[in-house]
Amino acid sequence: MKPLPELFMAAKQAYSSWAVKYISPMQKQYRKRINPLLGIAGFVCFFLLIFSAGSTTEIKGNPPSQIVFKVLNSFPHDPTAFTQGFAYRDGFLYESTGLYGESSLRRTNPATGEVTAKINLSPKFFGEGLTILGDSIYQLTWKSGQGFIYDRKTLGRKGSFTYSTEGWGLTDDGTSLIMSDGTEKLYFLSPRNFKVTKVLRVREGGSPVRVLNELEYAGGKIYCNIWRSDDIVAVNPETGVVERRISLGELRKRLSLPERAEVLNGIAWKSASDTFLVTGKRWSEVFEIEIGPGSP
Ligand SMILES: [Ca+2]
């Protein structure tokens with residue numbers, strides 16, 4: 001919200017330019033009568049401006065300074081990993097990394113950061129989102145329209161699938177794959193035939209929330225990284241409405257190699273403890289956080 005003197009000056013300037021443009025010299029004789037009315041109208045507009053600016057601030061939700069998460073642990077993370085997909089299952093972290101020539105699927109030990117298994121992608125593919133559904137791991141690629149399916153235990157590739165959009169983030173609700181493509185849309189796909197069964201448009205305060213990136217379905221909400229920010233939004237999977245926005249920029253202060261770190265991108269839910277493992281592209285650490293109660 002702008003400071004009051006600035007708003008007053010803006011309202012005054014707007015009124016002046018409007019009056020100069022629309023009150024012609026022929027109407028000069030009426031100006032004495034019109035001006036008081038315009039003055040009243042100007043003040044009404046001024047107070048409406050203040051009121052609407054205040055409302056917008058409220059709709060946007062938590063101010064960034066409000067802490068709604070608690071850091072429980074930090075673990076090492078390969079600082080060269082360009083994290084694009086992140087999921088936790090049965091004591092292991094599964095990660096998809098991007099960039100042409102550096103893309104991979106990895107299984108890591110969360111406590112040590114050690115990569116215990118790694119599948120490299122062909123240099124023509126840029127790895128993106130990843131999720132684990134049943135005994136399969138699904139991995140997207142960015143612009144190739146091509147996804148891969150791996151056996152969860154062996155990491156052997158057992159299939160592939162195609163899609164018509166870009167591939168960004170991927171998660172699942174136990175039934176459908178849920179994919180982002182860099183817009184405000186989330187696509188629900190059948191894991192059997194990969195047909196789109198639903199498209200959800202994510203909105204916050206009535207406005208679309210674009211560049212949705214890495215995803216994680218947890219506790220009945222879809223948590224989404226927002227590209228080029230350190231914010232995560234929690235989305236209602238039925239309505240697409242953002243119910244919470246959590247700013248995790250504070251975590252950067254805890255990085256041992258902050259100068260290498262790019263955007264926050266990577267959310268993995270540990271269902272047993274209801275905690276989240278989060279990291280970013282080329283982040284030197286993974287943080288285990290608990291997202292506490294906060295106003296929606
Ligand atoms: Ca995830």
# chains A, B, ... in the order shown; residues from 1 in each chain; ligands from 1
call {"tool": "residues_around", "arguments": {"residues": "Asp181 (chain A)", "least_positions_apart": "2", "cutoff": "6 Å", "atoms": "only C-alpha atoms", "output": "list in words"}}
result
Glu166, Gly167, Trp168 and Thr183 of chain A
call {"tool": "select_by_dssp", "arguments": {"residues": "region 85-290 of chain A", "states": "helix (DSSP H, G or I)", "output": "PyMOL selection string"}}
result
chain A and resi 249-254+258-260
call {"tool": "residues_near_ligand", "arguments": {"ligand": "ligand 1", "cutoff": "10 Å", "atoms": "only C-alpha atoms and all ligand atoms", "output": "PyMOL selection string"}}
result
chain A and resi 84-88+94-96+129-132+169-172+213-218+222-225+265-269+276-278
call {"tool": "residues_around", "arguments": {"residues": "Phe188 (chain A)", "least_positions_apart": "2", "cutoff": "12 Å", "atoms": "only C-alpha atoms", "output": "PyMOL selection string"}}
result
chain A and resi 163+169-181+185-186+190-191+193-201+222+237-238
call {"tool": "write_last_selection", "arguments": {"atoms": "C-alpha atoms", "output": "compact mmCIF listing (two decimals), in the first residue's frame"}}
result
# COMPACT_ATOMS: atom_id res chain seq x y z
CA TYR A 163 2.12 -34.91 -23.19
CA GLY A 169 6.44 -30.08 -11.72
CA LEU A 170 4.87 -33.45 -10.98
CA THR A 171 3.10 -35.01 -7.99
CA ASP A 172 0.11 -37.31 -7.42
CA ASP A 173 -2.88 -37.62 -5.12
CA GLY A 174 -2.71 -41.42 -5.01
CA THR A 175 -4.95 -41.71 -8.06
CA SER A 176 -3.94 -39.11 -10.64
CA LEU A 177 -0.65 -37.64 -11.68
CA ILE A 178 -0.72 -33.86 -11.21
CA MET A 179 1.51 -31.83 -13.51
CA SER A 180 2.45 -28.16 -13.89
CA ASP A 181 3.64 -26.59 -17.15
CA LYS A 185 -2.67 -24.61 -14.71
CA LEU A 186 -2.37 -27.96 -12.96
CA SER A 190 -4.48 -40.78 -15.64
CA PRO A 191 -1.37 -42.89 -14.84
CA ASN A 193 -3.28 -43.74 -20.40
CA PHE A 194 -1.90 -40.27 -19.51
CA LYS A 195 -5.07 -38.54 -20.69
CA VAL A 196 -5.93 -35.24 -19.00
CA THR A 197 -8.91 -35.76 -16.69
CA LYS A 198 -9.04 -32.30 -15.12
CA VAL A 199 -7.39 -28.90 -15.46
CA LEU A 200 -7.20 -26.76 -12.34
CA ARG A 201 -6.45 -23.04 -12.59
CA ILE A 222 -1.17 -29.32 -3.47
CA PRO A 237 -7.27 -29.39 -5.23
CA GLU A 238 -11.01 -28.95 -5.78
call {"tool": "select_by_dssp", "arguments": {"residues": "region 90-240 of chain A", "states": "strand (DSSP E or B)", "output": "JSON, numbers by chain"}}
result
{"A": [92, 93, 94, 95, 96, 97, 104, 105, 106, 107, 108, 115, 116, 117, 118, 119, 120, 127, 128, 129, 130, 131, 132, 133, 136, 137, 138, 139, 140, 141, 146, 147, 148, 149, 150, 151, 157, 158, 159, 160, 161, 162, 170, 171, 172, 177, 178, 179, 180, 185, 186, 187, 188, 189, 196, 197, 198, 199, 200, 201, 203, 204, 207, 208, 212, 213, 214, 215, 216, 217, 218, 221, 222, 223, 224, 225, 226, 231, 232, 233, 234, 235]}
call {"tool": "residues_around", "arguments": {"residues": "Gly159 (chain A)", "least_positions_apart": "6", "cutoff": "8 Å", "atoms": "only C-alpha atoms", "output": "list in words"}}
result
Phe148, Ile149 and Tyr150 of chain A
call {"tool": "write_last_selection", "arguments": {"atoms": "N, CA and C atoms", "output": "compact mmCIF listing (two decimals), in the first residue's frame"}}
result
# COMPACT_ATOMS: atom_id res chain seq x y z
N PHE A 148 9.19 -40.37 -18.49
CA PHE A 148 9.74 -41.71 -18.32
C PHE A 148 9.16 -42.37 -17.08
N ILE A 149 9.05 -43.70 -17.15
CA ILE A 149 8.54 -44.48 -16.01
C ILE A 149 9.63 -45.47 -15.59
N TYR A 150 9.90 -45.49 -14.29
CA TYR A 150 10.95 -46.38 -13.76
C TYR A 150 10.35 -47.29 -12.69
call {"tool": "closest_atom_pairs", "arguments": {"of": "region 150-178 of chain A", "to": "region 113-124 of chain A", "cutoff": "12 Å", "atoms": "only C-alpha atoms", "output": "tab-separated table"}}
result
residue	atom	partner	partner_atom	distance
A:Tyr150	CA	A:Ile119	CA	10.0
A:Asp151	CA	A:Ile119	CA	11.8
A:Arg152	CA	A:Ala117	CA	11.4
A:Lys153	CA	A:Ala117	CA	10.4
A:Thr154	CA	A:Ala117	CA	9.1
A:Leu155	CA	A:Ile119	CA	7.5
A:Gly156	CA	A:Ile119	CA	8.5
A:Arg157	CA	A:Ile119	CA	9.2
call {"tool": "residues_around", "arguments": {"residues": "Phe92 (chain A)", "least_positions_apart": "3", "cutoff": "8 Å", "atoms": "only C-alpha atoms", "output": "ChimeraX atom specification"}}
result
/A:88-89,107-110
